[in-house]
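Comments concern the structure below.
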Amino acid sequence: MATTTAPTRSRDDTRLALLFILPALTGFLVFMVWPTLRGIYLSFTKFNLLTPPDFNGLDNYIRMVQDPVFWNALKVTVYYVILNIGLQTVLALVIAVMMQRLTQRTWLRGIVLTPYLVSNVVAAMVFLWILDYQLGIGNTVIAALGMDRIPFLSDSAWVIPTIAVINVWRHVGYTALLIFAGLQTIPQTVYEAGRVDGASEIRMFRSITVPLLRPILSLVLIVTVVGSFQVFDTVAIATRGGPVDSSRVLQYYIYDVAFGRFQFGYASAMSVALLAVLVIITFVQYRLTRAETSDLA
Amino acid sequence: MTTTAPTVAPAVVVPETTPAEPRRFSIGRALAWTFMILVILLSLFPFYWMLRTALSSNNALYAGSNSVLPVQASWGGFERVFGLQTGQEAIDAGGAGQAIDFWRYLLNSVVVATLVTAGQVFFSAMAAYAFARLQWRHREKVFAFFLAGLMIPAIFTLLPNFVLIKQLGLVDTLLGISLPTMFMTPFAVFFLRQFFLGISREVEEAALMDGASKVRVFFRLVLPLSAAPIATLGILTYIASWNEYFWPLMVSYTDKSRVLTVALGVFKSQTPQTGPDWSGLMAATLVAALPMLVLFMLFAKRIVNSIGFSGIK
Amino acid sequence: MIRVSQRVRAAVVAVLTVGALSACGNGSGGGSAGTIEYWLWDSAQQPGYQKCADEFEKANPGLRIHISQYGWDAYWSKLTAGFIADTAPDVFTDHLSKFAQYVDLKVLRPLDDLGPTSDIQDGDYQEGLAELWKGQDGKRYGAPKDWDTIAVFYDNAALKAAGVDPAELQNLSWNPRDGGTFEKLVAHLTIDANGVRGDEPGFDKFHVKTHGLASEGAGGGGWGQTQWSAFTGSAGWQATDKNPWGTRFNLDQPALQDTLRWYFGLVQKGYMPHYEEIGGANAIGTDKQIQSGTAAMGLSGSWMISTFSKLTDAKGKKLDIGLAPTPIGPTGKRASMFNGLADSITTQSKQPENAAKWVKFLSGEQCQDIIGQSGVVFPARPRGTDLAVAYNKNERKLDVTPFTQQVKDKTTFLFPVTTNAADITALMAPRLDAVYIGSSPVTSLTRLNEQLNDLFKVAQ
């Protein structure tokens, strides 16, 4: 009954709707769709930004497939995403559950959120200093404990985990709050029932909390994975792709090729590859986690 | 309001659980608190360290000092950031000769973030309303189209957008920096649509029956009812826009349009040919982070409480 | 209700304000009429050039010079972005490793075509400098500004503690087999965490406190200018088949590979710091290493003289730094890379004639004398050079002969000038880093050499 409106009113709001979505649609078309199409076009050209593009067919794609630095960048990026998202999601989940259990006061959530307020650039710089091999407090403590100093950002084995941790520091608070809010949507009655049945905290967590959080978790996962794939700021400040390509993530390589070597066409081809990867991953994630359904209803 | 509901529920939880198993609970609780204290320390320590380094002097830092307090305390770092040291003084203290025009960059950041937030939130709200409450053909298809935009990597649009901004003659202007995100983001539209979907239809229907147009309903009813999620989105957008680095880096060339994040990056690379000016750098970092921290302290409760899915069906 | 319309009003006001702001400022290339936009990257040189600017403005009323300084990394990306966005400066300090690419992209104006700079004479400058800045078309793209060579900086206190007479450093020699007297000295100056020196029994190469030789990284970004060029040069190695404008590379030659094997081998022996120890991607230079005691001596360029002369220890006491020439190599001579900066004018400049006036002034006697007297670099003109030498002797009590004698003795070799420099660096830097770190053998440079040669085959 709620859907019926006054009989004389037309049911079609098309003209009004058009008006309402016009600004957003314009922005979307001009700054998202058009660049995407243009980017795809540029990927088939040789373009140095200062002279008109020069069509060169599939050359860029052939070069990309044969480029070891590209494949390495892809590998490095995937490795980074797995570490970053894995750690971040687990930590965020634990923190969210702790927050729910311990105290609902705002101050705790406020503190947890603080790192999110600063930019990636700020976070990178602070950790660059804290983790400095010679002078950083991190290594000073490690050396005082009698262990060898760790070259966090200048050793190929340590660099990606370190960058992953830096970004976890920055983002875990926000993610935890999102999950925390999701936890609030689970009615207490379900937990009460579980407790009455004699289930332990951990058992309830596994069998009640996690399954009911699924739609929230999968949404959070999808968005954070897409964001994580585009890591750039931290690498640009802290390592510039080093040592020897071990932190040369895809977005950084693309940037360097475009603006350092004036090869926009090739950079566009690699961007198309990144786009394809993201589309596939998002699609797979969406299906795997059945994000649109909820066990709560 | 739906957003305050979550804070009411917990008051019911705590007394319920304590009488059940006091002994097991207290060990678990102690562990949990230990964990959370660790989290708090790790979250806040970098900020303290920023402050400590900013208040030290470079020579002492490079000679390798481990004190927890500032070493050879001086305001030098901050002075360099605000351009209060002459070129020569700065070089002698281990910094670069160029000052940074802090207040200018602050103003630029404010303008850009405000423009982007105002535009994005408003236009996304309009679009979200169209997707949530207006009836028109292809509504769901267009929405899915918008949503697909979430997957487009930033770098992909960045290069052509840059060329576009250049052709519009807006390079090195604040408008040029704001333009691409000033209209909408798929996330904003999605976020607001979820809330609008959750608004009770009865009130809307009543207003429509009374002869109000859908436009009026939007402005006088839906928007005020959604003040909380709109405020949330506004704050999140503001923070995100404030912290943008890559795009403003590309678009701005002179102080005219440089924002704080980029200034920080430039300050870092303006190091003398040798090692970084750590105390100046940390001072600059602190100064760049400060506005958001202050904003946060003023609005902490609202920000923290608003992050969530309340109202999502 | 009120909130909504307030928001709308605020938004409208904001848009109008910014519209006004962006209309006010003009974003076209170069400065507005009368103001010449000049960029440089060395913060230490800025005060000197500001003085030049002041003199220029006095002599040219109506013209203003605005100097912007950006650190090395930001400098080139901003310049690039400036070319793209049409916001490039009128004049900028150019570097041999970049100028060829800019010529290709047609963003540099030939100085011969502009009135004030059309009569610049090669002979006014140190030998070879002006020629370096001519393109493959024979036109001049940069007016010589300064020159630099490489020498050894050392900490006198460390030498004293080691019982070494500084005079010894004037005649060191090295060779790829055993490092000669140079390596012996380096070993002796190296001290491990237990106080054992590098040439004494019981030396622990895994826990070194002070290294005998500082490291400036792997040198892949600048042909090893302050890293290994002095060694490869004195081993008789040349980077390309001809210089400038070579197209075939020589990284596969034994002269290079044996030298680098020895040079990076010093790291394994504990005499030179590791990649991590100097900070990886954000490496600290020789000066900071000497200051913090990480190294006792190291190679660096003449542009660093003023920085070294100001080094202090943790308590603020000035360090006693000495200079020595680069060691003599297997060829029987020493060698140093010879580089020279120049000022270039952009094609985007809206006032090329005024810019040319400034460039003429920069490369002229008056300005170069001012720069010489500021003692930061060696100006390209001989008289400016003499003033700089005198400044160092009188004000800093520093004898800079180790730098100047290489020019006099003609033991210098030019910085390699080629096209495709950005691609070369992109390929070379990671490969050399890998050799420095030890994850790739020196022979991997043969494969690199092929890739570099391929770059030029494709270009043809």
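In the structure tokens, chains take the letters A, B, ... in the order shown, each chain's residues start at 1, and ligands count up from 1 in the order shown.
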Give me, as an MDAnalysis selection string, the residues of chain B touching chain A, with the criterion being at most 6 Å (counting only C-alpha atoms).
chainID B and resid 6 64 123 126:127 130 134:136 156:157 160 180 183:184 243 285 289 308
Residues as selected, N, CA and C atoms, written as a PDB file, in the first residue's frame, can you do that?
```
ATOM      1  N   PRO B   6      23.054   2.487  18.411  1.00  0.00           N
ATOM      2  CA  PRO B   6      24.107   1.578  18.852  1.00  0.00           C
ATOM      3  C   PRO B   6      24.654   1.926  20.226  1.00  0.00           C
ATOM      4  N   GLY B  64      73.680  10.683  16.583  1.00  0.00           N
ATOM      5  CA  GLY B  64      73.176   9.435  17.124  1.00  0.00           C
ATOM      6  C   GLY B  64      72.793   9.499  18.585  1.00  0.00           C
ATOM      7  N   PHE B 123      26.047  17.027  -4.650  1.00  0.00           N
ATOM      8  CA  PHE B 123      25.652  16.418  -5.913  1.00  0.00           C
ATOM      9  C   PHE B 123      25.417  14.921  -5.765  1.00  0.00           C
ATOM     10  N   MET B 126      21.983  14.393  -4.305  1.00  0.00           N
ATOM     11  CA  MET B 126      20.940  14.518  -5.324  1.00  0.00           C
ATOM     12  C   MET B 126      20.846  13.254  -6.147  1.00  0.00           C
ATOM     13  N   ALA B 127      21.985  12.757  -6.564  1.00  0.00           N
ATOM     14  CA  ALA B 127      21.979  11.542  -7.377  1.00  0.00           C
ATOM     15  C   ALA B 127      21.465  10.362  -6.574  1.00  0.00           C
ATOM     16  N   ALA B 130      17.818  10.349  -6.443  1.00  0.00           N
ATOM     17  CA  ALA B 130      17.247   9.891  -7.708  1.00  0.00           C
ATOM     18  C   ALA B 130      17.269   8.373  -7.778  1.00  0.00           C
ATOM     19  N   LEU B 134      13.247   8.143  -6.596  1.00  0.00           N
ATOM     20  CA  LEU B 134      12.534   8.513  -7.809  1.00  0.00           C
ATOM     21  C   LEU B 134      12.336   7.277  -8.679  1.00  0.00           C
ATOM     22  N   GLN B 135      11.234   7.288  -9.401  1.00  0.00           N
ATOM     23  CA  GLN B 135      10.944   6.141 -10.254  1.00  0.00           C
ATOM     24  C   GLN B 135      11.281   6.474 -11.696  1.00  0.00           C
ATOM     25  N   TRP B 136      12.163   5.742 -12.285  1.00  0.00           N
ATOM     26  CA  TRP B 136      12.448   5.943 -13.687  1.00  0.00           C
ATOM     27  C   TRP B 136      13.074   4.681 -14.259  1.00  0.00           C
ATOM     28  N   PHE B 156      44.609   5.345 -13.602  1.00  0.00           N
ATOM     29  CA  PHE B 156      44.099   5.233 -14.935  1.00  0.00           C
ATOM     30  C   PHE B 156      43.414   6.508 -15.380  1.00  0.00           C
ATOM     31  N   THR B 157      42.672   7.103 -14.469  1.00  0.00           N
ATOM     32  CA  THR B 157      41.997   8.344 -14.831  1.00  0.00           C
ATOM     33  C   THR B 157      42.924   9.527 -14.642  1.00  0.00           C
ATOM     34  N   PRO B 160      44.832  10.846 -18.167  1.00  0.00           N
ATOM     35  CA  PRO B 160      43.972  11.600 -19.079  1.00  0.00           C
ATOM     36  C   PRO B 160      43.317  12.813 -18.410  1.00  0.00           C
ATOM     37  N   PRO B 180      38.028  17.165 -10.624  1.00  0.00           N
ATOM     38  CA  PRO B 180      37.656  15.768 -10.861  1.00  0.00           C
ATOM     39  C   PRO B 180      36.822  15.131  -9.753  1.00  0.00           C
ATOM     40  N   PHE B 183      32.338  16.532  -8.217  1.00  0.00           N
ATOM     41  CA  PHE B 183      30.964  16.229  -8.591  1.00  0.00           C
ATOM     42  C   PHE B 183      30.415  15.011  -7.889  1.00  0.00           C
ATOM     43  N   MET B 184      31.188  13.967  -7.811  1.00  0.00           N
ATOM     44  CA  MET B 184      30.698  12.768  -7.152  1.00  0.00           C
ATOM     45  C   MET B 184      31.828  11.777  -7.023  1.00  0.00           C
ATOM     46  N   ASN B 243      44.038  14.866   2.521  1.00  0.00           N
ATOM     47  CA  ASN B 243      45.228  14.020   2.502  1.00  0.00           C
ATOM     48  C   ASN B 243      45.653  13.573   1.111  1.00  0.00           C
ATOM     49  N   THR B 285      55.834  17.588   9.168  1.00  0.00           N
ATOM     50  CA  THR B 285      54.852  16.512   9.224  1.00  0.00           C
ATOM     51  C   THR B 285      53.790  16.822  10.274  1.00  0.00           C
ATOM     52  N   ALA B 289      49.832  17.521   9.749  1.00  0.00           N
ATOM     53  CA  ALA B 289      48.815  16.643  10.342  1.00  0.00           C
ATOM     54  C   ALA B 289      47.907  17.385  11.307  1.00  0.00           C
ATOM     55  N   GLY B 308      29.672   4.047  10.276  1.00  0.00           N
ATOM     56  CA  GLY B 308      28.936   2.809  10.465  1.00  0.00           C
ATOM     57  C   GLY B 308      27.922   2.578   9.384  1.00  0.00           C
TER      58      GLY B 308
END
```
Give me, as JSON lines, the closest atom pair and its distance (Å, one decimal) for every residue of chain C within a cut-off of 9 Å of chain A, counting only C-alpha atoms, rows sorted by chain and rising number.
```
{"residue": "C:Trp76", "atom": "CA", "partner": "A:Gly260", "partner_atom": "CA", "distance": 8.5}
{"residue": "C:Ser77", "atom": "CA", "partner": "A:Gly260", "partner_atom": "CA", "distance": 7.0}
{"residue": "C:Thr80", "atom": "CA", "partner": "A:Phe259", "partner_atom": "CA", "distance": 7.1}
{"residue": "C:Ala81", "atom": "CA", "partner": "A:Phe259", "partner_atom": "CA", "distance": 7.4}
{"residue": "C:Phe83", "atom": "CA", "partner": "A:Leu50", "partner_atom": "CA", "distance": 7.8}
{"residue": "C:Ile84", "atom": "CA", "partner": "A:Leu50", "partner_atom": "CA", "distance": 6.3}
{"residue": "C:Leu105", "atom": "CA", "partner": "A:Leu50", "partner_atom": "CA", "distance": 7.1}
{"residue": "C:Lys106", "atom": "CA", "partner": "A:Leu50", "partner_atom": "CA", "distance": 8.7}
{"residue": "C:Val107", "atom": "CA", "partner": "A:Leu50", "partner_atom": "CA", "distance": 8.9}
{"residue": "C:Tyr275", "atom": "CA", "partner": "A:Ser154", "partner_atom": "CA", "distance": 7.1}
{"residue": "C:Glu276", "atom": "CA", "partner": "A:Ser154", "partner_atom": "CA", "distance": 5.2}
{"residue": "C:Glu277", "atom": "CA", "partner": "A:Tyr133", "partner_atom": "CA", "distance": 6.3}
{"residue": "C:Ile278", "atom": "CA", "partner": "A:Gln134", "partner_atom": "CA", "distance": 7.9}
{"residue": "C:Gly279", "atom": "CA", "partner": "A:Tyr133", "partner_atom": "CA", "distance": 6.5}
{"residue": "C:Gly280", "atom": "CA", "partner": "A:Ser154", "partner_atom": "CA", "distance": 4.6}
{"residue": "C:Ala281", "atom": "CA", "partner": "A:Thr239", "partner_atom": "CA", "distance": 5.2}
{"residue": "C:Asn282", "atom": "CA", "partner": "A:Thr239", "partner_atom": "CA", "distance": 7.2}
{"residue": "C:Asn420", "atom": "CA", "partner": "A:Arg261", "partner_atom": "CA", "distance": 8.5}
{"residue": "C:Ala421", "atom": "CA", "partner": "A:Arg261", "partner_atom": "CA", "distance": 8.8}
{"residue": "C:Ala422", "atom": "CA", "partner": "A:Arg261", "partner_atom": "CA", "distance": 5.6}
{"residue": "C:Asp423", "atom": "CA", "partner": "A:Arg261", "partner_atom": "CA", "distance": 6.4}
{"residue": "C:Ala426", "atom": "CA", "partner": "A:Arg261", "partner_atom": "CA", "distance": 8.5}
{"residue": "C:Ala429", "atom": "CA", "partner": "A:Val244", "partner_atom": "CA", "distance": 7.8}
{"residue": "C:Pro430", "atom": "CA", "partner": "A:Val244", "partner_atom": "CA", "distance": 4.4}
{"residue": "C:Arg431", "atom": "CA", "partner": "A:Val244", "partner_atom": "CA", "distance": 6.9}
{"residue": "C:Leu432", "atom": "CA", "partner": "A:Val244", "partner_atom": "CA", "distance": 8.4}
{"residue": "C:Asp433", "atom": "CA", "partner": "A:Val244", "partner_atom": "CA", "distance": 5.9}
{"residue": "C:Ala434", "atom": "CA", "partner": "A:Val244", "partner_atom": "CA", "distance": 5.9}
{"residue": "C:Ile437", "atom": "CA", "partner": "A:Pro243", "partner_atom": "CA", "distance": 8.7}
```
Now that the selection is made, can you save its residues with C-alpha atoms as a short mmCIF file (atom, residue, chain, number, x, y, z; two decimals), in the first residue's frame?
```cif
data_model
loop_
_atom_site.label_atom_id
_atom_site.label_comp_id
_atom_site.auth_asym_id
_atom_site.auth_seq_id
_atom_site.Cartn_x
_atom_site.Cartn_y
_atom_site.Cartn_z
CA TRP C 76 63.31 17.13 -12.38
CA SER C 77 59.76 15.90 -11.90
CA THR C 80 58.99 17.70 -16.57
CA ALA C 81 55.52 18.45 -15.30
CA PHE C 83 56.94 21.33 -19.65
CA ILE C 84 53.77 19.32 -19.90
CA LEU C 105 61.51 16.92 -26.75
CA LYS C 106 62.16 20.33 -28.22
CA VAL C 107 61.76 22.22 -24.98
CA TYR C 275 73.31 -0.52 1.27
CA GLU C 276 71.21 -0.59 4.45
CA GLU C 277 73.80 1.18 6.53
CA ILE C 278 73.67 4.28 4.41
CA GLY C 279 69.88 4.30 4.29
CA GLY C 280 68.91 2.42 1.15
CA ALA C 281 66.71 4.52 -1.08
CA ASN C 282 67.17 7.56 1.13
CA ASN C 420 67.61 8.34 -23.82
CA ALA C 421 69.18 9.19 -20.48
CA ALA C 422 66.01 8.48 -18.49
CA ASP C 423 65.69 5.01 -19.93
CA ALA C 426 65.87 3.24 -15.28
CA ALA C 429 70.21 1.99 -11.32
CA PRO C 430 68.50 -1.22 -10.16
CA ARG C 431 71.16 -3.42 -11.77
CA LEU C 432 73.98 -1.60 -10.05
CA ASP C 433 72.08 -1.59 -6.78
CA ALA C 434 71.85 -5.34 -7.07
CA ILE C 437 73.83 -5.29 -2.38
#
```
Mind listing the helix (DSSP H, G or I) residues of range 50-216 of chain A, per DSSP on the backbone, as number ranges by chain?
A: 59-65, 68-102, 106-117, 120-130, 137-144, 159-184, 188-196, 201-216
Would you please work out which residue, of B:Leu260, B:Ala227, B:Ile37, B:Ala144, is nearest to chain C when using only C-alpha atoms?
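Using only C-alpha atoms, the shortest distance to chain C belongs to B:Ala227.
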What's around range 109-114 of chain B at 6 Å? Count only C-alpha atoms, leave out sequence neighbours fewer than 4 positions away in its own chain, and write the answer as a PyMOL selection string.
chain B and resi 118+178+238+241-242+259
